[in-house]
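Written out below as structure tokens is the structure these notes cover.
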Amino acid sequence: MAKETRISRMLLRKFISLSIRVIFFIRKTLIYKNDIDFVQPCIVAVFHNEIIPIIKLLRHKNFVLMFSRNHVGSALADVVSPWGFKIVHGSPSKGGKWALGKLLEEIKEGNSVALTPDGSRGPRHKMKAGAIILAQRANVPLYLVSPNYKGVKLKFLWDHFLYPLPFSKVTFRHIKM
């Protein structure tokens, strides 16, 4: 993704990044009850509103994360890159074909991919075709993963983001396709 040079945009991204760091701090308090042994390389799809618990599950497992090409996607990349994740930016409206090609390259190199199948704009919990197309082209398994945890539903956001309560117990359910 191109480096932003406008000061107002750089400040906005730094503010969003700081906000995301605060939001993601909660993941350190979560109590994980199970793990998933993924056949690697693979593709993991998790809905947009359930991403916080997934980050710890995927750490240290050669995952490339796909984020959108907007301020929030850039800020998320700033937060999770130091945790060992590679990042690819793309969305159906901006750079989707390029991102698909880049993700295929990463899978051929032995890395796995994690993405949100309902995208960066929704509709909520409506899976788009990208994850399925990527799994078919790469000939790797696709896992649909859903964490179960207690949290506060932020209904004012399009995805009704489920913010975990501190010290919540997290269990993962998954389907391998």
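For the structure tokens, the naming scheme is as follows: chains receive sequential letters (A, B, ...) according to their order of presentation, residues are indexed from 1 within each chain, and ligands are indexed from 1 in presentation order.
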
Considering only C-alpha atoms, tabulate each residue of range 24-126 of chain A that lies at most 7 Å from range 144-160 of chain A along with its nearest interatomic pair and the corresponding distance in Å to one decimal; arrange the rows by chain and ascending residue number and present them as CSV.
residue,atom,partner,partner_atom,distance
A:Val44,CA,A:Leu144,CA,6.1
A:Ala45,CA,A:Leu144,CA,5.0
A:Val46,CA,A:Val145,CA,5.3
A:His48,CA,A:Asp159,CA,6.7
A:Asn49,CA,A:Asp159,CA,5.5
A:Glu50,CA,A:Pro147,CA,6.8
A:Pro53,CA,A:Pro147,CA,6.9
A:Gly122,CA,A:Asp159,CA,7.0
A:Arg124,CA,A:Asp159,CA,5.1

Generate a file of the selected residues that holds N, CA, C and O atoms, formatted as a compact mmCIF listing (two decimals), in the first residue's frame.
# COMPACT_ATOMS: atom_id res chain seq x y z
N VAL A 44 -8.33 -19.15 6.45
CA VAL A 44 -9.22 -19.04 7.60
C VAL A 44 -10.12 -17.82 7.38
O VAL A 44 -9.63 -16.72 7.13
N ALA A 45 -11.41 -18.05 7.46
CA ALA A 45 -12.39 -16.98 7.32
C ALA A 45 -13.09 -16.79 8.65
O ALA A 45 -13.56 -17.75 9.26
N VAL A 46 -13.11 -15.55 9.12
CA VAL A 46 -13.80 -15.20 10.37
C VAL A 46 -14.57 -13.92 10.11
O VAL A 46 -14.09 -13.02 9.42
N HIS A 48 -16.24 -10.33 10.39
CA HIS A 48 -15.64 -9.04 10.73
C HIS A 48 -15.81 -8.67 12.20
O HIS A 48 -14.90 -8.12 12.82
N ASN A 49 -16.95 -8.97 12.77
CA ASN A 49 -17.23 -8.53 14.14
C ASN A 49 -16.61 -9.43 15.21
O ASN A 49 -16.76 -9.18 16.39
N GLU A 50 -15.88 -10.48 14.80
CA GLU A 50 -15.30 -11.43 15.76
C GLU A 50 -13.79 -11.54 15.64
O GLU A 50 -13.20 -12.57 15.98
N PRO A 53 -10.55 -12.10 19.16
CA PRO A 53 -10.04 -13.36 19.70
C PRO A 53 -9.23 -14.18 18.69
O PRO A 53 -8.36 -14.96 19.08
N GLY A 122 -19.64 -5.11 4.70
CA GLY A 122 -20.82 -5.93 4.87
C GLY A 122 -21.46 -6.32 3.56
O GLY A 122 -20.82 -6.22 2.52
N ARG A 124 -23.39 -7.68 7.05
CA ARG A 124 -22.92 -8.47 8.19
C ARG A 124 -23.27 -9.95 8.03
O ARG A 124 -24.40 -10.31 7.72

* What lies within 10 Å of range 8-14 of chain A using only C-alpha atoms, ignoring chain neighbours under 2 positions off, as an NGL selection string? -> :A and (3-6 or 16-20 or 70-76 or 78)

* Could you name the residues that touch Gly110 in chain A at 9 Å or less, counting only C-alpha atoms, but leaving out those on the same chain fewer than 2 positions away, as number ranges by chain? -> A: 40-42, 62, 105-108, 112

Create the file for the chosen residues now, containing N, CA, C and O atoms and written as a PDB file, in the first residue's frame.
ATOM      1  N   GLN A  40      -1.848 -26.770   7.108  1.00  0.00           N
ATOM      2  CA  GLN A  40      -1.258 -25.586   6.482  1.00  0.00           C
ATOM      3  C   GLN A  40      -0.560 -25.941   5.186  1.00  0.00           C
ATOM      4  O   GLN A  40       0.016 -27.012   5.097  1.00  0.00           O
ATOM      5  N   PRO A  41      -0.611 -25.079   4.202  1.00  0.00           N
ATOM      6  CA  PRO A  41      -1.291 -23.796   4.178  1.00  0.00           C
ATOM      7  C   PRO A  41      -2.807 -23.970   4.053  1.00  0.00           C
ATOM      8  O   PRO A  41      -3.292 -24.993   3.583  1.00  0.00           O
ATOM      9  N   CYS A  42      -3.512 -22.939   4.479  1.00  0.00           N
ATOM     10  CA  CYS A  42      -4.974 -22.952   4.441  1.00  0.00           C
ATOM     11  C   CYS A  42      -5.491 -21.519   4.394  1.00  0.00           C
ATOM     12  O   CYS A  42      -4.714 -20.570   4.422  1.00  0.00           O
ATOM     13  N   ASN A  62       2.425 -18.621  10.692  1.00  0.00           N
ATOM     14  CA  ASN A  62       2.639 -18.239   9.289  1.00  0.00           C
ATOM     15  C   ASN A  62       1.368 -17.763   8.591  1.00  0.00           C
ATOM     16  O   ASN A  62       1.040 -18.242   7.520  1.00  0.00           O
ATOM     17  N   GLU A 105       0.243 -16.133  -4.209  1.00  0.00           N
ATOM     18  CA  GLU A 105       1.704 -16.240  -4.092  1.00  0.00           C
ATOM     19  C   GLU A 105       2.106 -16.639  -2.677  1.00  0.00           C
ATOM     20  O   GLU A 105       2.981 -17.491  -2.487  1.00  0.00           O
ATOM     21  N   GLU A 106       1.487 -16.014  -1.695  1.00  0.00           N
ATOM     22  CA  GLU A 106       1.808 -16.317  -0.297  1.00  0.00           C
ATOM     23  C   GLU A 106       1.487 -17.773   0.042  1.00  0.00           C
ATOM     24  O   GLU A 106       2.249 -18.440   0.743  1.00  0.00           O
ATOM     25  N   ILE A 107       0.366 -18.267  -0.468  1.00  0.00           N
ATOM     26  CA  ILE A 107      -0.005 -19.660  -0.210  1.00  0.00           C
ATOM     27  C   ILE A 107       0.999 -20.601  -0.872  1.00  0.00           C
ATOM     28  O   ILE A 107       1.414 -21.601  -0.277  1.00  0.00           O
ATOM     29  N   LYS A 108       1.431 -20.282  -2.096  1.00  0.00           N
ATOM     30  CA  LYS A 108       2.436 -21.112  -2.782  1.00  0.00           C
ATOM     31  C   LYS A 108       3.749 -21.144  -2.017  1.00  0.00           C
ATOM     32  O   LYS A 108       4.498 -22.109  -2.102  1.00  0.00           O
ATOM     33  N   SER A 112      -0.315 -19.348   5.248  1.00  0.00           N
ATOM     34  CA  SER A 112      -1.774 -19.422   5.280  1.00  0.00           C
ATOM     35  C   SER A 112      -2.341 -18.009   5.255  1.00  0.00           C
ATOM     36  O   SER A 112      -1.627 -17.039   5.500  1.00  0.00           O
TER      37      SER A 112
END

* To do: Output as a ChimeraX atom specification all residues of range 10-98 of chain A that backbone DSSP marks as strand (DSSP E).
  => /A:31-32,43-45,63-67,86-89

Selection from above, all heavy atoms, as a tab-separated table (two decimals), in the first residue's frame, can you write it?
chain	number	residue	atom	x	y	z
A	31	ILE	N	-9.30	-15.75	28.05
A	31	ILE	CA	-8.91	-17.10	28.46
A	31	ILE	C	-9.34	-18.06	27.36
A	31	ILE	O	-10.54	-18.26	27.14
A	31	ILE	CB	-9.56	-17.47	29.80
A	31	ILE	CG1	-9.16	-16.45	30.88
A	31	ILE	CG2	-9.21	-18.89	30.20
A	31	ILE	CD1	-10.06	-16.45	32.09
A	32	TYR	N	-8.38	-18.64	26.68
A	32	TYR	CA	-8.66	-19.50	25.53
A	32	TYR	C	-8.81	-20.95	26.00
A	32	TYR	O	-7.91	-21.50	26.62
A	32	TYR	CB	-7.55	-19.37	24.49
A	32	TYR	CG	-7.56	-17.99	23.84
A	32	TYR	CD1	-6.92	-16.92	24.45
A	32	TYR	CD2	-8.22	-17.78	22.65
A	32	TYR	CE1	-6.95	-15.66	23.88
A	32	TYR	CE2	-8.25	-16.53	22.07
A	32	TYR	CZ	-7.62	-15.47	22.69
A	32	TYR	OH	-7.66	-14.23	22.12
A	43	ILE	N	-6.79	-21.41	4.35
A	43	ILE	CA	-7.45	-20.11	4.42
A	43	ILE	C	-8.40	-20.17	5.61
A	43	ILE	O	-9.15	-21.13	5.77
A	43	ILE	CB	-8.22	-19.79	3.13
A	43	ILE	CG1	-7.22	-19.72	1.98
A	43	ILE	CG2	-9.01	-18.50	3.26
A	43	ILE	CD1	-7.84	-19.80	0.62
A	44	VAL	N	-8.33	-19.15	6.45
A	44	VAL	CA	-9.22	-19.04	7.60
A	44	VAL	C	-10.12	-17.82	7.38
A	44	VAL	O	-9.63	-16.72	7.13
A	44	VAL	CB	-8.43	-18.90	8.92
A	44	VAL	CG1	-9.36	-18.54	10.07
A	44	VAL	CG2	-7.68	-20.17	9.21
A	45	ALA	N	-11.41	-18.05	7.46
A	45	ALA	CA	-12.39	-16.98	7.32
A	45	ALA	C	-13.09	-16.79	8.65
A	45	ALA	O	-13.56	-17.75	9.26
A	45	ALA	CB	-13.40	-17.33	6.22
A	63	PHE	N	0.68	-16.81	9.19
A	63	PHE	CA	-0.53	-16.28	8.57
A	63	PHE	C	-0.30	-14.91	7.95
A	63	PHE	O	0.38	-14.07	8.51
A	63	PHE	CB	-1.68	-16.19	9.59
A	63	PHE	CG	-2.50	-17.43	9.63
A	63	PHE	CD1	-2.16	-18.46	10.48
A	63	PHE	CD2	-3.61	-17.58	8.81
A	63	PHE	CE1	-2.91	-19.63	10.52
A	63	PHE	CE2	-4.36	-18.74	8.84
A	63	PHE	CZ	-4.01	-19.76	9.69
A	64	VAL	N	-0.89	-14.75	6.78
A	64	VAL	CA	-0.96	-13.47	6.10
A	64	VAL	C	-2.38	-12.97	6.29
A	64	VAL	O	-3.34	-13.71	6.05
A	64	VAL	CB	-0.65	-13.62	4.59
A	64	VAL	CG1	-0.80	-12.30	3.87
A	64	VAL	CG2	0.74	-14.22	4.39
A	65	LEU	N	-2.53	-11.74	6.75
A	65	LEU	CA	-3.85	-11.18	6.99
A	65	LEU	C	-4.20	-10.21	5.86
A	65	LEU	O	-3.36	-9.46	5.40
A	65	LEU	CB	-3.89	-10.42	8.32
A	65	LEU	CG	-3.44	-11.20	9.56
A	65	LEU	CD1	-3.56	-10.33	10.80
A	65	LEU	CD2	-4.25	-12.47	9.73
A	66	MET	N	-5.46	-10.22	5.46
A	66	MET	CA	-5.92	-9.30	4.43
A	66	MET	C	-6.76	-8.21	5.09
A	66	MET	O	-7.71	-8.50	5.82
A	66	MET	CB	-6.75	-10.03	3.38
A	66	MET	CG	-7.18	-9.12	2.27
A	66	MET	SD	-8.00	-10.07	0.99
A	66	MET	CE	-8.55	-8.74	-0.05
A	67	PHE	N	-6.36	-6.96	4.83
A	67	PHE	CA	-7.09	-5.80	5.34
A	67	PHE	C	-7.47	-4.91	4.17
A	67	PHE	O	-6.81	-4.91	3.13
A	67	PHE	CB	-6.24	-4.98	6.32
A	67	PHE	CG	-5.94	-5.69	7.61
A	67	PHE	CD1	-4.66	-5.71	8.12
A	67	PHE	CD2	-6.94	-6.32	8.34
A	67	PHE	CE1	-4.38	-6.33	9.32
A	67	PHE	CE2	-6.66	-6.95	9.53
A	67	PHE	CZ	-5.38	-6.96	10.02
A	86	LYS	N	2.19	-10.98	8.21
A	86	LYS	CA	2.33	-10.28	6.95
A	86	LYS	C	0.95	-9.71	6.61
A	86	LYS	O	-0.06	-10.30	6.98
A	86	LYS	CB	2.76	-11.22	5.83
A	86	LYS	CG	4.19	-11.67	5.91
A	86	LYS	CD	4.51	-12.50	4.68
A	86	LYS	CE	5.89	-13.04	4.70
A	86	LYS	NZ	6.17	-13.87	3.51
A	87	ILE	N	0.94	-8.61	5.88
A	87	ILE	CA	-0.32	-7.94	5.54
A	87	ILE	C	-0.44	-7.77	4.03
A	87	ILE	O	0.54	-7.41	3.37
A	87	ILE	CB	-0.41	-6.55	6.20
A	87	ILE	CG1	-0.12	-6.60	7.69
A	87	ILE	CG2	-1.75	-5.89	5.89
A	87	ILE	CD1	-1.09	-7.41	8.51
A	88	VAL	N	-1.62	-8.03	3.51
A	88	VAL	CA	-1.96	-7.72	2.12
A	88	VAL	C	-3.20	-6.84	2.16
A	88	VAL	O	-4.15	-7.14	2.87
A	88	VAL	CB	-2.24	-9.01	1.30
A	88	VAL	CG1	-2.81	-8.68	-0.07
A	88	VAL	CG2	-0.98	-9.84	1.17
A	89	HIS	N	-3.14	-5.72	1.44
A	89	HIS	CA	-4.27	-4.79	1.40
A	89	HIS	C	-5.06	-4.99	0.12
A	89	HIS	O	-4.48	-5.06	-0.97
A	89	HIS	CB	-3.78	-3.34	1.46
A	89	HIS	CG	-3.23	-2.95	2.79
A	89	HIS	ND1	-4.03	-2.60	3.84
A	89	HIS	CD2	-1.97	-2.87	3.23
A	89	HIS	CE1	-3.27	-2.30	4.88
A	89	HIS	NE2	-2.02	-2.47	4.54

Tell me which protein, DNA and RNA residues are within 10 Å of Leu57 in chain A, counting only C-alpha atoms, leaving out same-chain ones fewer than 5 positions away, and put them as a PDB file with N, CA, C and O atoms, in the first residue's frame.
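part23.pdb, freshly written:
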ATOM      1  N   TYR A  32      -8.379 -18.638  26.675  1.00  0.00           N
ATOM      2  CA  TYR A  32      -8.658 -19.502  25.530  1.00  0.00           C
ATOM      3  C   TYR A  32      -8.805 -20.948  25.997  1.00  0.00           C
ATOM      4  O   TYR A  32      -7.913 -21.496  26.623  1.00  0.00           O
ATOM      5  N   ASN A  34      -9.689 -23.608  23.864  1.00  0.00           N
ATOM      6  CA  ASN A  34      -9.274 -24.611  22.878  1.00  0.00           C
ATOM      7  C   ASN A  34      -8.475 -23.942  21.771  1.00  0.00           C
ATOM      8  O   ASN A  34      -8.394 -22.724  21.690  1.00  0.00           O
ATOM      9  N   ASP A  35      -7.861 -24.768  20.961  1.00  0.00           N
ATOM     10  CA  ASP A  35      -7.058 -24.317  19.826  1.00  0.00           C
ATOM     11  C   ASP A  35      -7.556 -25.088  18.607  1.00  0.00           C
ATOM     12  O   ASP A  35      -8.300 -26.069  18.745  1.00  0.00           O
ATOM     13  N   ILE A  36      -7.153 -24.653  17.444  1.00  0.00           N
ATOM     14  CA  ILE A  36      -7.512 -25.372  16.220  1.00  0.00           C
ATOM     15  C   ILE A  36      -6.215 -25.738  15.511  1.00  0.00           C
ATOM     16  O   ILE A  36      -5.359 -24.877  15.306  1.00  0.00           O
ATOM     17  N   ASP A  37      -6.065 -27.010  15.179  1.00  0.00           N
ATOM     18  CA  ASP A  37      -4.909 -27.437  14.395  1.00  0.00           C
ATOM     19  C   ASP A  37      -5.267 -27.323  12.926  1.00  0.00           C
ATOM     20  O   ASP A  37      -6.001 -28.156  12.388  1.00  0.00           O
ATOM     21  N   ILE A  52     -11.138  -9.943  17.158  1.00  0.00           N
ATOM     22  CA  ILE A  52     -10.190  -9.790  18.273  1.00  0.00           C
ATOM     23  C   ILE A  52      -9.699 -11.137  18.821  1.00  0.00           C
ATOM     24  O   ILE A  52      -8.494 -11.340  18.939  1.00  0.00           O
ATOM     25  N   PHE A 172     -13.472 -21.890  20.330  1.00  0.00           N
ATOM     26  CA  PHE A 172     -13.565 -21.751  18.881  1.00  0.00           C
ATOM     27  C   PHE A 172     -14.346 -22.917  18.290  1.00  0.00           C
ATOM     28  O   PHE A 172     -14.140 -24.071  18.648  1.00  0.00           O
TER      29      PHE A 172
END

* To do: For each of A:His60, A:Arg21, A:His125, A:Leu162, take the minimum atom-to-atom distance to Ala77 in chain A, counting only C-alpha atoms, then give the residue where this is smallest.
  => A:Arg21
